[in-house]
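File shown here: data.cif, holding mmCIF, C-alpha atoms.
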data_protein
#
loop_
_atom_site.label_atom_id
_atom_site.label_comp_id
_atom_site.auth_asym_id
_atom_site.auth_seq_id
_atom_site.Cartn_x
_atom_site.Cartn_y
_atom_site.Cartn_z
CA MET A 1 -4.52 -33.21 8.66
CA ALA A 2 -2.85 -30.33 10.42
CA LYS A 3 -4.58 -28.33 13.09
CA VAL A 4 -3.94 -24.72 14.07
CA GLU A 5 -4.73 -23.69 17.61
CA TRP A 6 -4.83 -19.93 18.12
CA ALA A 7 -4.05 -18.46 21.53
CA ASP A 8 -7.09 -17.31 23.53
CA ALA A 9 -6.00 -13.68 23.30
CA ILE A 10 -6.13 -13.71 19.48
CA LYS A 11 -9.44 -12.34 18.27
CA THR A 12 -8.63 -12.11 14.56
CA VAL A 13 -5.93 -13.17 12.12
CA SER A 14 -6.00 -12.07 8.52
CA GLY A 15 -3.21 -12.11 5.99
CA ALA A 16 -0.15 -13.88 4.71
CA LEU A 17 1.82 -16.05 7.11
CA THR A 18 4.45 -16.73 4.45
CA LYS A 19 4.99 -14.99 1.13
CA ILE A 20 6.54 -15.98 -2.17
CA ASN A 21 9.90 -14.42 -2.96
CA LYS A 22 9.22 -13.52 -6.60
CA LYS A 23 12.90 -12.68 -7.22
CA SER A 24 14.03 -16.15 -6.21
CA GLN A 25 14.95 -18.72 -8.84
CA HIS A 26 12.73 -21.14 -6.88
CA ALA A 27 9.67 -18.85 -6.87
CA GLY A 28 7.64 -21.39 -8.82
CA ASP A 29 8.15 -23.99 -6.08
CA GLN A 30 7.19 -21.73 -3.18
CA LYS A 31 3.74 -21.44 -1.64
CA MET A 32 2.02 -18.51 0.02
CA ILE A 33 0.09 -19.40 3.15
CA LEU A 34 -2.86 -17.15 3.99
CA ALA A 35 -4.81 -17.47 7.22
CA THR A 36 -8.06 -16.02 8.45
CA HIS A 37 -9.50 -16.44 11.92
CA ARG A 38 -12.28 -14.67 13.70
CA VAL A 39 -14.27 -15.27 16.82
CA ALA A 40 -17.70 -16.20 15.54
CA GLU A 41 -20.90 -14.99 17.15
CA THR A 42 -22.37 -18.45 16.54
CA THR A 43 -21.15 -21.83 17.67
CA SER A 44 -20.04 -22.69 14.13
CA PRO A 45 -16.57 -24.26 14.02
CA ASP A 46 -15.89 -22.65 10.61
CA CYS A 47 -14.22 -19.50 11.89
CA SER A 48 -10.63 -20.38 10.86
CA ARG A 49 -9.35 -20.94 7.34
CA ILE A 50 -5.90 -21.46 5.86
CA TYR A 51 -5.22 -21.21 2.13
CA MET A 52 -2.14 -22.13 0.09
CA ARG A 53 -1.44 -20.39 -3.17
CA GLY A 54 1.28 -20.89 -5.72
CA LEU A 55 2.96 -18.27 -7.87
CA SER A 56 0.52 -18.72 -10.75
CA SER A 57 -2.41 -17.64 -8.57
CA VAL A 58 -0.50 -14.55 -7.42
CA THR A 59 0.56 -13.31 -10.85
CA ARG A 60 -1.73 -11.06 -12.80
CA SER A 61 -3.78 -12.80 -15.49
CA THR A 62 -4.90 -9.71 -17.44
CA PRO A 63 -2.80 -7.01 -19.10
CA LEU A 64 -2.62 -3.53 -17.60
CA SER A 65 -5.31 -1.17 -18.81
CA THR A 66 -4.47 2.27 -20.17
CA LYS A 67 -5.86 3.89 -17.00
CA GLU A 68 -3.69 1.68 -14.78
CA MET A 69 -0.58 2.53 -16.81
CA GLN A 70 -1.41 6.25 -16.52
CA ASN A 71 -1.87 5.88 -12.75
CA GLN A 72 1.47 4.06 -12.42
CA SER A 73 3.19 6.70 -14.50
CA ARG A 74 1.65 9.51 -12.41
CA PHE A 75 2.63 7.81 -9.15
CA SER A 76 6.24 7.35 -10.31
CA ALA A 77 6.54 10.95 -11.46
CA VAL A 78 5.00 12.39 -8.28
CA ALA A 79 7.15 10.15 -6.05
CA ALA A 80 10.30 11.32 -7.85
CA ALA A 81 9.18 14.95 -7.54
CA VAL A 82 8.51 14.56 -3.80
CA LYS A 83 11.93 13.00 -3.25
CA ALA A 84 13.67 15.76 -5.20
CA ARG A 85 11.70 18.57 -3.57
CA ALA A 86 12.35 17.25 -0.06
CA LYS A 87 16.10 17.41 -0.71
CA SER A 88 16.10 20.73 -2.58
CA LEU A 89 17.40 23.59 -0.45
CA GLU A 90 15.52 26.00 -2.70
CA TYR A 91 12.12 24.91 -1.32
CA VAL A 92 12.86 23.81 2.26
CA ALA A 93 12.07 27.09 4.06
CA SER A 94 9.02 28.02 1.98
CA ASP A 95 7.59 24.48 2.11
CA ARG A 96 8.04 24.29 5.87
CA GLN A 97 6.28 27.64 6.36
CA ALA A 98 3.41 26.72 4.03
CA PHE A 99 3.09 23.31 5.73
CA LEU A 100 2.86 24.85 9.20
CA GLU A 101 0.24 27.37 8.03
CA GLN A 102 -2.08 24.70 6.61
CA LYS A 103 -1.42 21.94 9.17
CA ASN A 104 -4.17 22.90 11.64
CA GLU A 105 -6.84 23.67 9.05
CA ALA A 106 -9.81 21.35 8.61
CA ASN A 107 -8.45 19.61 5.49
CA GLY A 108 -4.80 20.32 6.21
CA ARG A 109 -2.08 17.73 5.71
CA LYS A 110 -0.74 16.46 9.02
CA THR A 111 2.73 15.35 7.89
CA MET A 112 5.33 17.10 5.77
CA LYS A 113 5.52 14.16 3.37
CA SER A 114 1.75 14.20 2.88
CA TYR A 115 1.92 17.93 2.22
CA LEU A 116 4.69 17.49 -0.35
CA TRP A 117 2.69 14.73 -2.07
CA SER A 118 -0.31 17.05 -2.37
CA VAL A 119 1.82 19.90 -3.76
CA CYS A 120 3.70 17.73 -6.25
CA ALA A 121 0.53 15.86 -7.31
CA ALA A 122 -1.25 19.17 -7.95
CA ALA A 123 1.71 20.38 -10.02
CA TYR A 124 1.76 17.13 -12.02
CA ASP A 125 -2.00 17.30 -12.64
CA ALA A 126 -1.69 20.91 -13.80
CA GLU A 127 1.01 19.93 -16.32
CA HIS A 128 -0.77 16.75 -17.47
CA PRO A 129 -4.52 17.43 -17.66
CA GLN A 130 -6.69 14.33 -18.07
CA GLY A 131 -8.90 14.73 -21.08
#
Go ahead and render the structure in this file as structure tokens.
Amino acid sequence: MAKVEWADAIKTVSGALTKINKKSQHAGDQKMILATHRVAETTSPDCSRIYMRGLSSVTRSTPLSTKEMQNQSRFSAVAAAVKARAKSLEYVASDRQAFLEQKNEANGRKTMKSYLWSVCAAAYDAEHPQG
């Protein structure tokens, strides 16, 4: 049995140590290794766990719902609009001015990309009302 010894400075570990390359022709043979570690408040030795998962446990077992497909479609459309608007010389000056005006407000967007996402998402939602 293998044993993992974490350095004293490590308080927590959570996440994948290795991932499965789904594009690989050997994806079915690969394993994902997930680790969790925390410093327990009790003297219980069960504060570290390591899991191995194959590709079948990573792949989705249920089909996408209509709502999920709509969300994916919206995300793709808004992402494309943000990319196009950021490169469009037509909007650069006006977007920069509008961004700077709203930046320091209470609910203002703090980055230009975040601002563009909010503008493009609002435009998409106005064109595609959810009914």
If we count all atoms listed in the file, what is near stretch 120-124 of chain A at a cut-off of 8 Å, once residues fewer than 2 positions away on the same chain are taken out, given as a PDB file with C-alpha atoms, in the coordinates of the input?
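File written: part_12.pdb
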ATOM      1  CA  ARG A  74       1.650   9.510 -12.410  1.00  0.00           C
ATOM      2  CA  ALA A  77       6.540  10.950 -11.460  1.00  0.00           C
ATOM      3  CA  VAL A  78       5.000  12.390  -8.280  1.00  0.00           C
ATOM      4  CA  ALA A  81       9.180  14.950  -7.540  1.00  0.00           C
ATOM      5  CA  VAL A  82       8.510  14.560  -3.800  1.00  0.00           C
ATOM      6  CA  LEU A 116       4.690  17.490  -0.350  1.00  0.00           C
ATOM      7  CA  TRP A 117       2.690  14.730  -2.070  1.00  0.00           C
ATOM      8  CA  SER A 118      -0.310  17.050  -2.370  1.00  0.00           C
ATOM      9  CA  ALA A 126      -1.690  20.910 -13.800  1.00  0.00           C
ATOM     10  CA  GLU A 127       1.010  19.930 -16.320  1.00  0.00           C
ATOM     11  CA  HIS A 128      -0.770  16.750 -17.470  1.00  0.00           C
TER      12      HIS A 128
END
request  = Rank A:Leu55, A:Ala7, A:Ile33, A:Val92 by their smallest atom-to-atom distance to A:Asn21, using all atoms listed in the file, and report the top residue only.
outcome  =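 Checking each of A:Leu55, A:Ala7, A:Ile33, A:Val92 against A:Asn21, counting all atoms listed in the file, the winner is A:Leu55.
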query = What's the 9 Å shell around A:Met112, counting all atoms listed in the file, without same-chain residues fewer than 6 positions away, as a list in words?
reply = Asp95, Arg96, Phe99, Leu100 and Lys103 of chain A
Under the PyMOL selection byres ((chain A and resi 29) around 12), which residues of this model are included? Write them out as an mmCIF file with C-alpha atoms, in the frame of the given file.
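Below is the file that was written, part05.cif:
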data_model
loop_
_atom_site.group_PDB
_atom_site.id
_atom_site.type_symbol
_atom_site.label_atom_id
_atom_site.label_comp_id
_atom_site.auth_asym_id
_atom_site.auth_seq_id
_atom_site.Cartn_x
_atom_site.Cartn_y
_atom_site.Cartn_z
ATOM 1 C CA LYS A 19 4.990 -14.990 1.130
ATOM 2 C CA ILE A 20 6.540 -15.980 -2.170
ATOM 3 C CA ASN A 21 9.900 -14.420 -2.960
ATOM 4 C CA LYS A 22 9.220 -13.520 -6.600
ATOM 5 C CA SER A 24 14.030 -16.150 -6.210
ATOM 6 C CA GLN A 25 14.950 -18.720 -8.840
ATOM 7 C CA HIS A 26 12.730 -21.140 -6.880
ATOM 8 C CA ALA A 27 9.670 -18.850 -6.870
ATOM 9 C CA GLY A 28 7.640 -21.390 -8.820
ATOM 10 C CA GLN A 30 7.190 -21.730 -3.180
ATOM 11 C CA LYS A 31 3.740 -21.440 -1.640
ATOM 12 C CA MET A 32 2.020 -18.510 0.020
ATOM 13 C CA ARG A 53 -1.440 -20.390 -3.170
ATOM 14 C CA GLY A 54 1.280 -20.890 -5.720
ATOM 15 C CA LEU A 55 2.960 -18.270 -7.870
ATOM 16 C CA SER A 56 0.520 -18.720 -10.750
#
For the file shown, what are the residues hit by the PyMOL selection byres ((chain A and resi 50) around 7), laid out as a short mmCIF file (atom, residue, chain, number, x, y, z; two decimals) with C-alpha atoms, keeping the file's coordinate frame?
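Wrote out-v8.cif, looks like this:
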data_model
loop_
_atom_site.label_atom_id
_atom_site.label_comp_id
_atom_site.auth_asym_id
_atom_site.auth_seq_id
_atom_site.Cartn_x
_atom_site.Cartn_y
_atom_site.Cartn_z
CA ILE A 33 0.09 -19.40 3.15
CA LEU A 34 -2.86 -17.15 3.99
CA ALA A 35 -4.81 -17.47 7.22
CA THR A 36 -8.06 -16.02 8.45
CA SER A 48 -10.63 -20.38 10.86
CA ARG A 49 -9.35 -20.94 7.34
CA TYR A 51 -5.22 -21.21 2.13
CA MET A 52 -2.14 -22.13 0.09
#
What are the centre and the three edge lengths of an axis-aligned box that wraps all atoms of stretch 18-31 of chain A in the file, given that 8 Å is added to every side, written as lines of an AutoDock Vina configuration file and rounded to one decimal in Å?
center_x = 9.3
center_y = -18.3
center_z = -2.2
size_x = 27.2
size_y = 27.3
size_z = 29.3
inquiry  = Let me make sure I understand: among A:Ala86, A:Ala93, A:Leu17, A:Met69, which one has the smallest atom-to-atom distance to A:Lys113 if we use all atoms listed in the file?
reply    = A:Ala86
Pairwise distance for atom CA of A:Val13 and atom CA of A:His37, rounded to one decimal in Å =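 One can read the atom CA of A:Val13 to atom CA of A:His37 distance as 4.8 Å.
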task = State, in Å with one decimal place, the distance from atom CA of A:Ala80 to atom CA of A:Val119.
result = 12.7 Å
ask   = Mind pulling up the distance from atom CA of A:Ser88 to atom CA of A:Asn104?
value = 24.9 Å
